[in-house]
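Here is the file structure-v3.txt (compact mmCIF, C-alpha atoms).
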# COMPACT_ATOMS: atom_id res chain seq x y z
CA MET A 27 0.00 0.00 0.00
CA LYS A 28 1.50 3.33 -1.10
CA ILE A 29 0.63 6.42 0.93
CA ILE A 30 1.76 10.02 0.48
CA CYS A 31 1.79 11.77 3.87
CA VAL A 32 1.52 15.55 3.76
CA CYS A 33 2.60 18.20 6.24
CA GLY A 34 2.70 21.91 5.65
CA ALA A 35 2.60 24.20 8.68
CA ARG A 36 4.03 23.86 12.15
CA PRO A 37 0.90 22.32 13.81
CA ASN A 38 1.10 19.48 11.26
CA PHE A 39 4.57 18.37 12.36
CA MET A 40 3.40 17.12 15.76
CA LYS A 41 0.60 15.20 14.07
CA ILE A 42 2.64 13.59 11.28
CA ALA A 43 5.56 12.44 13.48
CA PRO A 44 3.83 9.47 15.21
CA ILE A 45 2.10 8.45 11.98
CA MET A 46 5.40 8.23 10.10
CA ARG A 47 6.88 6.22 12.98
CA GLU A 48 4.07 3.66 12.86
CA PHE A 49 4.12 3.44 9.06
CA ASP A 50 7.86 2.73 9.17
CA LYS A 51 7.13 -0.29 11.39
CA CYS A 52 4.47 -1.60 9.04
CA SER A 53 5.73 -3.79 6.19
CA GLU A 54 2.39 -3.43 4.37
CA ILE A 55 2.83 0.34 3.96
CA GLU A 56 5.25 2.27 1.74
CA SER A 57 5.09 5.96 2.61
CA LEU A 58 6.37 9.14 0.98
CA LEU A 59 6.64 12.28 3.14
CA VAL A 60 5.88 15.56 1.39
CA HIS A 61 6.47 18.90 3.12
CA THR A 62 4.62 21.63 1.23
CA GLY A 63 6.78 24.35 2.80
CA GLN A 64 3.65 26.35 3.66
CA HIS A 65 5.21 27.50 6.93
CA TYR A 66 7.48 30.38 6.00
CA ASP A 67 9.98 29.96 8.88
CA GLU A 68 12.18 27.18 7.54
CA LYS A 69 14.54 27.45 10.52
CA MET A 70 11.65 26.61 12.87
CA SER A 71 10.43 23.88 10.52
CA ASP A 72 13.86 22.22 10.58
CA LEU A 73 14.01 22.50 14.38
CA PHE A 74 10.65 20.77 14.76
CA PHE A 75 11.66 17.97 12.37
CA ASN A 76 14.88 17.35 14.29
CA GLU A 77 13.30 17.48 17.75
CA LEU A 78 10.43 15.18 16.87
CA GLY A 79 12.54 12.66 14.99
CA ILE A 80 10.57 13.10 11.78
CA PRO A 81 12.52 11.74 8.81
CA GLU A 82 13.71 14.30 6.31
CA PRO A 83 10.87 14.95 3.85
CA ASP A 84 11.27 13.00 0.63
CA ILE A 85 10.01 16.09 -1.20
CA ASN A 86 9.79 19.73 -0.12
CA LEU A 87 7.53 21.78 -2.37
CA GLY A 88 8.90 25.07 -0.98
CA VAL A 89 5.66 26.97 -1.39
CA GLY A 90 6.25 29.64 1.28
CA SER A 91 3.79 32.24 2.50
CA GLY A 92 1.13 34.12 0.56
CA SER A 93 -2.59 34.88 0.59
CA HIS A 94 -4.96 31.94 1.10
CA ALA A 95 -5.70 31.80 -2.63
CA VAL A 96 -2.07 32.07 -3.74
CA GLN A 97 -0.84 29.53 -1.20
CA THR A 98 -3.59 26.98 -1.91
CA ALA A 99 -3.15 27.29 -5.67
CA GLU A 100 0.65 26.99 -5.45
CA VAL A 101 0.45 23.85 -3.29
CA MET A 102 -1.98 22.28 -5.79
CA LYS A 103 0.26 23.09 -8.77
CA ARG A 104 3.37 21.64 -7.14
CA PHE A 105 1.70 18.63 -5.50
CA GLU A 106 -0.08 17.29 -8.61
CA PRO A 107 3.07 15.98 -10.38
CA VAL A 108 4.19 14.28 -7.13
CA VAL A 109 0.95 12.29 -7.02
CA GLN A 110 1.17 11.49 -10.72
CA ASP A 111 4.74 10.19 -10.34
CA PHE A 112 4.32 8.18 -7.10
CA LYS A 113 0.88 6.76 -7.98
CA PRO A 114 -0.24 6.28 -4.36
CA ASP A 115 -3.23 4.31 -3.12
CA TYR A 116 -3.91 7.05 -0.57
CA VAL A 117 -2.96 10.62 0.23
CA LEU A 118 -2.99 11.31 3.98
CA VAL A 119 -3.51 14.87 5.23
CA VAL A 120 -3.66 16.15 8.81
CA GLY A 121 -5.33 19.09 10.51
CA ASP A 122 -6.91 22.11 8.84
CA VAL A 123 -4.28 24.30 7.16
CA ASN A 124 -4.28 25.37 3.51
CA SER A 125 -2.02 22.45 2.56
CA THR A 126 -4.66 20.06 3.94
CA ILE A 127 -7.43 21.07 1.55
CA ALA A 128 -5.06 21.83 -1.36
CA CYS A 129 -3.48 18.35 -1.36
CA GLY A 130 -6.85 16.76 -0.67
CA LEU A 131 -8.35 18.34 -3.78
CA VAL A 132 -5.43 17.23 -5.94
CA ALA A 133 -5.75 13.64 -4.68
CA VAL A 134 -9.47 13.20 -5.28
CA LYS A 135 -9.38 14.89 -8.69
CA LEU A 136 -6.70 12.38 -9.72
CA GLY A 137 -8.84 9.50 -8.43
CA VAL A 138 -6.66 8.81 -5.36
CA LYS A 139 -8.35 8.00 -2.06
CA LEU A 140 -8.00 10.60 0.68
CA ILE A 141 -7.37 10.07 4.41
CA HIS A 142 -8.06 12.92 6.84
CA VAL A 143 -6.51 12.70 10.30
CA GLU A 144 -8.21 14.91 12.91
CA ALA A 145 -11.51 14.84 11.04
CA GLY A 146 -14.89 16.07 12.23
CA LEU A 147 -13.77 19.01 14.38
CA ARG A 148 -16.14 21.99 14.08
CA SER A 149 -16.22 25.42 15.69
CA GLY A 150 -19.42 26.40 13.88
CA ASP A 151 -17.67 29.63 12.83
CA ARG A 152 -17.40 29.85 9.04
CA SER A 153 -15.41 33.10 9.32
CA MET A 154 -12.40 30.97 10.37
CA PRO A 155 -10.38 29.84 7.32
CA GLU A 156 -9.55 26.61 9.19
CA GLU A 157 -13.25 25.79 9.54
CA ILE A 158 -13.71 25.99 5.76
CA ASN A 159 -10.66 23.75 5.27
CA ARG A 160 -12.02 21.22 7.78
CA VAL A 161 -15.52 21.01 6.31
CA LEU A 162 -14.33 20.73 2.71
CA THR A 163 -11.60 18.17 3.44
CA ASP A 164 -14.00 15.93 5.36
CA SER A 165 -16.58 16.09 2.58
CA ILE A 166 -14.13 14.63 0.01
CA SER A 167 -12.31 12.13 2.25
CA ASP A 168 -12.60 8.34 1.99
CA LEU A 169 -11.28 7.59 5.50
CA LEU A 170 -11.82 9.96 8.40
CA PHE A 171 -9.88 9.48 11.64
CA VAL A 172 -11.49 11.27 14.58
CA THR A 173 -10.00 12.57 17.85
CA GLU A 174 -13.11 13.01 19.99
CA GLN A 175 -16.82 12.10 20.14
CA SER A 176 -17.92 15.50 18.82
CA GLY A 177 -16.15 14.64 15.56
CA ILE A 178 -18.27 11.52 15.10
CA ASP A 179 -21.44 13.50 15.90
CA ASN A 180 -20.56 16.29 13.45
CA LEU A 181 -19.75 13.94 10.58
CA LYS A 182 -22.99 12.02 11.14
CA LYS A 183 -24.97 15.30 10.96
CA GLU A 184 -23.19 16.14 7.69
CA GLY A 185 -24.18 12.82 6.14
CA ILE A 186 -20.75 11.15 6.09
CA PRO A 187 -21.29 7.35 6.01
CA ALA A 188 -20.38 5.75 9.36
CA GLU A 189 -18.17 3.12 7.70
CA LYS A 190 -15.73 5.85 6.60
CA VAL A 191 -15.30 7.17 10.16
CA HIS A 192 -12.94 5.74 12.80
CA PHE A 193 -12.52 7.01 16.37
CA VAL A 194 -8.77 6.57 16.96
CA GLY A 195 -7.76 9.30 19.41
CA ASN A 196 -5.37 12.20 19.08
CA VAL A 197 -2.01 11.87 17.27
CA MET A 198 -0.88 15.21 18.71
CA ILE A 199 -1.13 13.65 22.17
CA ASP A 200 0.95 10.70 20.91
CA THR A 201 3.74 13.22 20.26
CA LEU A 202 3.33 14.96 23.59
CA LEU A 203 3.47 11.72 25.60
CA ALA A 204 6.41 10.36 23.57
CA ASN A 205 8.44 13.54 24.20
CA ARG A 206 7.38 14.42 27.73
CA GLU A 207 10.53 13.13 29.43
CA LYS A 208 12.78 14.73 26.84
CA ALA A 209 10.97 18.06 27.26
CA GLU A 210 11.58 17.98 31.00
CA GLN A 211 15.34 18.14 30.26
CA SER A 212 14.91 21.55 28.57
CA ALA A 213 16.74 24.43 30.25
CA VAL A 214 14.22 27.03 29.07
CA LEU A 215 12.96 27.92 32.59
CA ASN A 216 16.52 28.60 33.75
CA ASP A 217 17.23 30.57 30.59
CA LEU A 218 14.19 32.77 31.24
CA GLY A 219 14.75 32.96 34.99
CA VAL A 220 11.29 31.71 35.97
CA GLN A 221 10.17 29.16 38.56
CA PRO A 222 7.71 26.28 38.01
CA LYS A 223 4.12 27.48 38.57
CA GLY A 224 5.42 31.02 39.01
CA TYR A 225 4.54 32.38 35.55
CA GLY A 226 1.95 32.32 32.78
CA VAL A 227 2.32 31.58 29.07
CA ILE A 228 0.56 33.52 26.30
CA THR A 229 0.13 32.60 22.63
CA LEU A 230 -1.98 34.71 20.26
CA HIS A 231 -2.11 34.55 16.49
CA ARG A 232 -5.72 34.40 15.26
CA PRO A 233 -6.71 37.32 13.00
CA SER A 234 -9.94 37.79 15.01
CA ASN A 235 -7.78 38.67 18.04
CA VAL A 236 -4.64 40.33 16.69
CA ASP A 237 -5.85 42.03 13.49
CA ASN A 238 -8.75 43.83 15.20
CA ARG A 239 -7.32 46.79 17.10
CA ASP A 240 -10.23 47.17 19.53
CA ASP A 241 -10.26 43.50 20.52
CA PHE A 242 -6.47 43.35 20.75
CA ARG A 243 -6.55 46.40 23.06
CA LYS A 244 -9.06 44.65 25.39
CA ILE A 245 -6.78 41.61 25.58
CA ILE A 246 -3.66 43.69 26.29
CA GLU A 247 -5.52 45.64 29.02
CA ALA A 248 -6.22 42.31 30.76
CA PHE A 249 -2.58 41.26 30.42
CA ARG A 250 -1.53 44.56 32.07
CA GLU A 251 -3.44 43.51 35.20
CA ILE A 252 -2.36 39.86 35.20
CA GLU A 253 1.34 40.74 34.83
CA LYS A 254 1.16 42.45 38.23
CA ASP A 255 0.81 38.93 39.71
CA MET A 256 3.34 36.98 37.65
CA PRO A 257 5.65 37.12 34.63
CA LEU A 258 3.85 36.43 31.35
CA ILE A 259 6.05 34.63 28.81
CA PHE A 260 4.82 35.44 25.31
CA PRO A 261 6.47 33.46 22.44
CA ILE A 262 5.22 35.81 19.79
CA HIS A 263 4.01 35.08 16.26
CA PRO A 264 5.64 37.41 13.69
CA ARG A 265 2.27 38.86 12.60
CA THR A 266 1.30 39.51 16.22
CA ARG A 267 4.60 41.31 16.82
CA LYS A 268 4.08 43.41 13.68
CA ASN A 269 0.54 44.35 14.76
CA ILE A 270 1.69 45.36 18.25
CA LYS A 271 4.04 47.84 16.64
CA GLU A 272 1.66 49.10 13.94
CA MET A 273 -1.31 49.47 16.31
CA GLY A 274 0.74 51.50 18.78
CA PHE A 275 0.80 48.94 21.60
CA ALA A 276 4.59 48.56 21.80
CA ASP A 277 5.01 51.31 24.41
CA VAL A 278 2.11 49.93 26.48
CA ILE A 279 3.74 46.50 26.63
CA SER A 280 7.25 47.84 27.26
CA GLU A 281 5.89 49.70 30.31
CA CYS A 282 4.81 46.32 31.71
CA GLY A 283 7.96 44.85 33.19
CA ASN A 284 6.44 41.38 33.48
CA ILE A 285 5.19 40.84 29.90
CA ARG A 286 8.13 39.23 28.15
CA LEU A 287 7.98 38.92 24.36
CA ILE A 288 10.29 36.17 23.14
CA ASP A 289 10.86 34.61 19.72
CA PRO A 290 8.96 31.38 18.92
CA VAL A 291 10.61 28.37 20.57
CA GLY A 292 11.02 24.72 19.60
CA TYR A 293 8.57 21.99 20.57
CA LEU A 294 10.51 20.63 23.55
CA ASP A 295 11.12 24.08 25.06
CA PHE A 296 7.47 24.97 24.55
CA MET A 297 6.25 21.76 26.21
CA LYS A 298 8.51 22.49 29.18
CA LEU A 299 7.14 26.03 29.35
CA ILE A 300 3.45 25.14 29.31
CA SER A 301 3.73 22.02 31.50
CA ASN A 302 5.26 24.14 34.30
CA ALA A 303 3.07 27.23 33.85
CA ALA A 304 0.53 28.34 36.44
CA ILE A 305 -1.80 29.28 33.58
CA VAL A 306 -1.84 29.32 29.77
CA ILE A 307 -3.75 31.99 27.83
CA THR A 308 -4.13 31.19 24.14
CA ASP A 309 -6.25 31.21 21.00
CA SER A 310 -4.63 28.05 19.60
CA GLY A 311 -6.51 24.81 18.97
CA GLY A 312 -3.71 22.38 19.78
CA ILE A 313 -2.72 24.09 23.03
CA GLN A 314 -6.23 23.47 24.36
CA GLU A 315 -5.53 19.75 23.91
CA GLU A 316 -1.99 19.80 25.30
CA THR A 317 -2.97 21.66 28.46
CA THR A 318 -5.79 19.16 29.02
CA ILE A 319 -3.27 16.30 29.08
CA LEU A 320 -0.81 18.30 31.19
CA GLN A 321 -3.59 19.33 33.62
CA VAL A 322 -2.68 23.00 33.32
CA PRO A 323 -5.46 25.62 33.45
CA CYS A 324 -6.07 27.10 30.01
CA MET A 325 -8.04 30.22 29.09
CA THR A 326 -8.92 30.21 25.39
CA LEU A 327 -9.66 33.71 24.10
CA ARG A 328 -12.32 32.72 21.60
CA GLU A 329 -16.11 32.63 21.36
CA ASN A 330 -16.08 28.99 20.23
CA THR A 331 -13.88 25.92 20.02
CA GLU A 332 -13.70 23.03 17.60
CA ARG A 333 -12.37 20.93 20.49
CA PRO A 334 -15.29 20.94 22.96
CA VAL A 335 -13.99 17.90 24.86
CA THR A 336 -11.22 20.13 26.28
CA VAL A 337 -13.93 22.24 27.96
CA ALA A 338 -16.36 19.43 28.86
CA GLU A 339 -13.70 17.08 30.24
CA GLY A 340 -10.39 18.90 30.23
CA THR A 341 -8.87 21.98 31.84
CA ASN A 342 -9.89 24.52 29.19
CA ARG A 343 -12.37 27.38 29.51
CA LEU A 344 -13.64 29.66 26.74
CA VAL A 345 -13.34 33.36 27.54
CA HIS A 346 -15.02 36.28 25.75
CA ILE A 347 -12.81 38.88 24.12
CA ASP A 348 -13.53 41.36 26.87
CA THR A 349 -11.14 42.72 29.50
CA SER A 350 -13.49 42.13 32.41
CA ASP A 351 -14.34 38.56 31.35
CA ILE A 352 -10.66 37.68 30.92
CA LEU A 353 -9.90 39.06 34.39
CA GLU A 354 -12.95 37.41 35.97
CA ASN A 355 -11.88 33.99 34.68
CA TYR A 356 -8.29 34.61 35.69
CA ASN A 357 -9.31 35.61 39.22
CA GLN A 358 -11.49 32.50 39.57
CA LEU A 359 -8.50 30.32 38.71
CA LYS A 360 -6.22 32.36 40.97
CA ALA A 361 -8.65 31.90 43.89
CA ASP A 362 -8.30 28.14 43.42
CA ASN A 363 -4.48 28.46 43.35
CA PHE A 364 -4.61 27.46 39.67
CA ASN A 365 -5.59 23.91 40.65
CA VAL A 366 -7.82 22.27 38.07
CA SER A 367 -9.28 18.81 37.78
CA GLY A 368 -9.92 17.39 34.36
CA LYS A 369 -10.30 13.97 32.80
CA ILE A 370 -8.15 12.57 30.02
CA PRO A 371 -10.44 12.15 26.99
CA LYS A 372 -11.03 8.71 25.50
CA TYR A 373 -8.14 7.31 23.40
CA TRP A 374 -5.83 10.24 24.24
CA ASP A 375 -3.36 7.62 25.37
CA GLY A 376 -0.42 7.82 22.96
CA LYS A 377 -1.71 5.05 20.65
CA ALA A 378 -3.73 6.95 18.04
CA ALA A 379 -1.14 6.49 15.26
CA GLU A 380 -0.90 2.79 16.10
CA ARG A 381 -4.67 2.53 15.63
CA ILE A 382 -4.48 4.36 12.28
CA ALA A 383 -1.74 2.04 10.98
CA GLY A 384 -3.70 -0.97 12.23
CA ILE A 385 -6.90 0.05 10.41
CA LEU A 386 -5.00 0.74 7.16
CA SER A 387 -3.09 -2.56 7.28
CA GLY A 388 -6.23 -4.55 8.09
CA ALA A 389 -5.29 -5.38 11.69
CA PRO A 390 -7.17 -2.87 13.88
CA VAL A 391 -5.68 -2.37 17.33
CA TYR A 392 -7.90 -1.08 20.14
CA VAL A 393 -6.26 -1.27 23.55
As structure tokens, please, write out the structure in this file.
Amino acid sequence: MKIICVCGARPNFMKIAPIMREFDKCSEIESLLVHTGQHYDEKMSDLFFNELGIPEPDINLGVGSGSHAVQTAEVMKRFEPVVQDFKPDYVLVVGDVNSTIACGLVAVKLGVKLIHVEAGLRSGDRSMPEEINRVLTDSISDLLFVTEQSGIDNLKKEGIPAEKVHFVGNVMIDTLLANREKAEQSAVLNDLGVQPKGYGVITLHRPSNVDNRDDFRKIIEAFREIEKDMPLIFPIHPRTRKNIKEMGFADVISECGNIRLIDPVGYLDFMKLISNAAIVITDSGGIQEETTILQVPCMTLRENTERPVTVAEGTNRLVHIDTSDILENYNQLKADNFNVSGKIPKYWDGKAAERIAGILSGAPVYV
């Protein structure tokens, strides 16, 4: 069985790593790894590949950044000849980035079956580009591997036949659990001069938060209060940094001695940072999942989430983009000494990729 595995942006790397590892063990599967190069920071891409033990991509399409239309079109143009040359039985895509839908469209138009890992997630917000990518990719996929019960429910509502859908768990959690010990060896806390549970971590990158000046101001006002209690470590996305400067917030943040903007860090350093944080404040999808496993309180600055299990069972809470609501939620967590109790969702046990390989090779493994 020949499978092309696709990764494109940084969130994909953590998802593809355990899948490649399991495919390498499986004599029935011959895989080809294609990196679309959608993520523009190649230095960070290389770091993630090295840290996670992902084999060097067989092919790097080198697409780079661009508008959604330009990027999607460029991936399709460069991916089509790869599929024509390799003649795979399946193309496997992960997550919800532009590379996911672009490579999915190329596959099905060439008559190749499509596998979507992390299928069925829905925020219900069609203004999110990722939501469009998710819905469209699921609608053309032949095999859909789901991380949580909501995914099964959503796909059923959308008329996807049940025989295409498999509840396997979360490959991103496979990566976290496999690298947890290694991450604990990171010296990042010493480098930053912070103590375990004595700081918070911030990540913000969604256009709805950082491209809207009024909403971004409300968020920063909340941070100005929280930083009076503890250092806030902010590995900052390049677009977020640019907006802080252009919107006139740079002076506001520089006046706050405890908000520390740092460059993006590698996976192991980041895992060390969030696993030892008192609190994580984010708008990321994956971090909602990681904090649930790490049992770290997470405030997600969004009106919705495509990962509802992290709220229903995990340690995540959705917070309105409003200074007072951010501070109210923060103060509730502070009053409880940032102690949270959450369950580990079903099949988030480090064996999701093993289940995927088992289903594809005809020997399903459910343990």
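What separates CA of Ala95 (chain A) from CA of Val32 (chain A) is a distance of 18.9 Å.
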Quick one: residues within 8 Å of Val119 (chain A), only C-alpha atoms, excluding same-chain residues fewer than 5 positions away - as a PyMOL selection string? chain A and resi 31-33+126+129-130+140-143
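Between Gly384 (chain A) and the candidates A:Glu184, A:Asp72, A:Asn365, A:His192, the tightest atom-to-atom separation, counting only C-alpha atoms, involves A:His192.
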Enumerate, as a ChimeraX atom specification, the protein, DNA and RNA residues whose atoms approach (-1.7, 35.0, 40.7) to within 9 Å, taking into account all atoms listed in the file and the coordinate frame of the file. /A:224-225,252-256,304,356-357,359-361,363-364
Need to verify the contact set: Met297 (chain A), 9 Å, only C-alpha atoms, exclusion of same-chain residues closer than 4 positions in sequence. Can you return it as a PDB file with C-alpha atoms, in the frame of the given file?
ATOM      1  CA  LEU A 202       3.330  14.960  23.590  1.00  0.00           C
ATOM      2  CA  ASN A 205       8.440  13.540  24.200  1.00  0.00           C
ATOM      3  CA  ARG A 206       7.380  14.420  27.730  1.00  0.00           C
ATOM      4  CA  ALA A 209      10.970  18.060  27.260  1.00  0.00           C
ATOM      5  CA  GLU A 210      11.580  17.980  31.000  1.00  0.00           C
ATOM      6  CA  SER A 212      14.910  21.550  28.570  1.00  0.00           C
ATOM      7  CA  GLY A 292      11.020  24.720  19.600  1.00  0.00           C
ATOM      8  CA  TYR A 293       8.570  21.990  20.570  1.00  0.00           C
ATOM      9  CA  SER A 301       3.730  22.020  31.500  1.00  0.00           C
ATOM     10  CA  ASN A 302       5.260  24.140  34.300  1.00  0.00           C
ATOM     11  CA  GLU A 316      -1.990  19.800  25.300  1.00  0.00           C
TER      12      GLU A 316
END
Distance criterion (all atoms listed in the file): nearest to Ile55 (chain A) out of A:Ala383, A:Ala389, A:Leu170, A:Ala43: A:Ala383
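CA of Glu329 (chain A) to CA of Ile347 (chain A) spans 7.6 Å [interatomic distance, one decimal].
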Which centre and which edge lengths, in Å to one decimal, describe the axis-aligned box that holds all listed atoms of region 306-316 of chain A after 5 Å is added on each side, as lines of an AutoDock Vina configuration file?
center_x = -4.2
center_y = 25.9
center_z = 24.4
size_x = 14.7
size_y = 22.2
size_z = 20.8
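Checking A:Leu59, A:Cys324, A:Met154, A:Val120 one by one against His94 (chain A), counting only C-alpha atoms, you find the shortest gap at A:Met154.
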CA of Gln314 (chain A) to CA of Val278 (chain A), distance in Å rounded to a single decimal: 27.8 Å
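Residue nearest Arg267 (chain A) within the list A:Ala128, A:Val345, A:Val236, A:Leu58: A:Val236 [criterion: smallest interatomic distance, all atoms listed in the file].
Close contacts of Val306 (chain A), defined as residues with an atom at most 7 Å away when counting all atoms listed in the file, with chain neighbours fewer than 4 positions off set aside, comprise A:Gly226, A:Val227, A:Ile228, A:Ile300, A:Pro323, A:Cys324, A:Met325.
Proximity to Glu48 (chain A) was assessed for A:Val161, A:Ile382, A:Met27, A:Val60 counting only C-alpha atoms; the smallest distance is recorded for A:Ile382.
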Nearest to Cys52 (chain A) among A:Gly150, A:Gly311, A:Lys28, A:Glu189, with distances taken over only C-alpha atoms: which residue is it? A:Lys28
Write out as a ChimeraX atom specification the residues lying within 9 Å of Leu203 (chain A), counting all atoms listed in the file and excluding same-chain residues fewer than 4 positions away. /A:198-199,207,319,375-376
At a cut-off of 8 Å, using all atoms listed in the file, what residues contact Gly146 (chain A)? Leave out same-chain residues fewer than 2 positions from it and give the result as a PDB file with C-alpha atoms, in the frame of the given file.
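Output file selection.pdb follows:
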ATOM      1  CA  GLU A 144      -8.210  14.910  12.910  1.00  0.00           C
ATOM      2  CA  ARG A 148     -16.140  21.990  14.080  1.00  0.00           C
ATOM      3  CA  ARG A 160     -12.020  21.220   7.780  1.00  0.00           C
ATOM      4  CA  VAL A 161     -15.520  21.010   6.310  1.00  0.00           C
ATOM      5  CA  ASP A 164     -14.000  15.930   5.360  1.00  0.00           C
ATOM      6  CA  LEU A 170     -11.820   9.960   8.400  1.00  0.00           C
ATOM      7  CA  VAL A 172     -11.490  11.270  14.580  1.00  0.00           C
ATOM      8  CA  SER A 176     -17.920  15.500  18.820  1.00  0.00           C
ATOM      9  CA  GLY A 177     -16.150  14.640  15.560  1.00  0.00           C
ATOM     10  CA  ILE A 178     -18.270  11.520  15.100  1.00  0.00           C
ATOM     11  CA  ASP A 179     -21.440  13.500  15.900  1.00  0.00           C
ATOM     12  CA  ASN A 180     -20.560  16.290  13.450  1.00  0.00           C
ATOM     13  CA  LEU A 181     -19.750  13.940  10.580  1.00  0.00           C
TER      14      LEU A 181
END
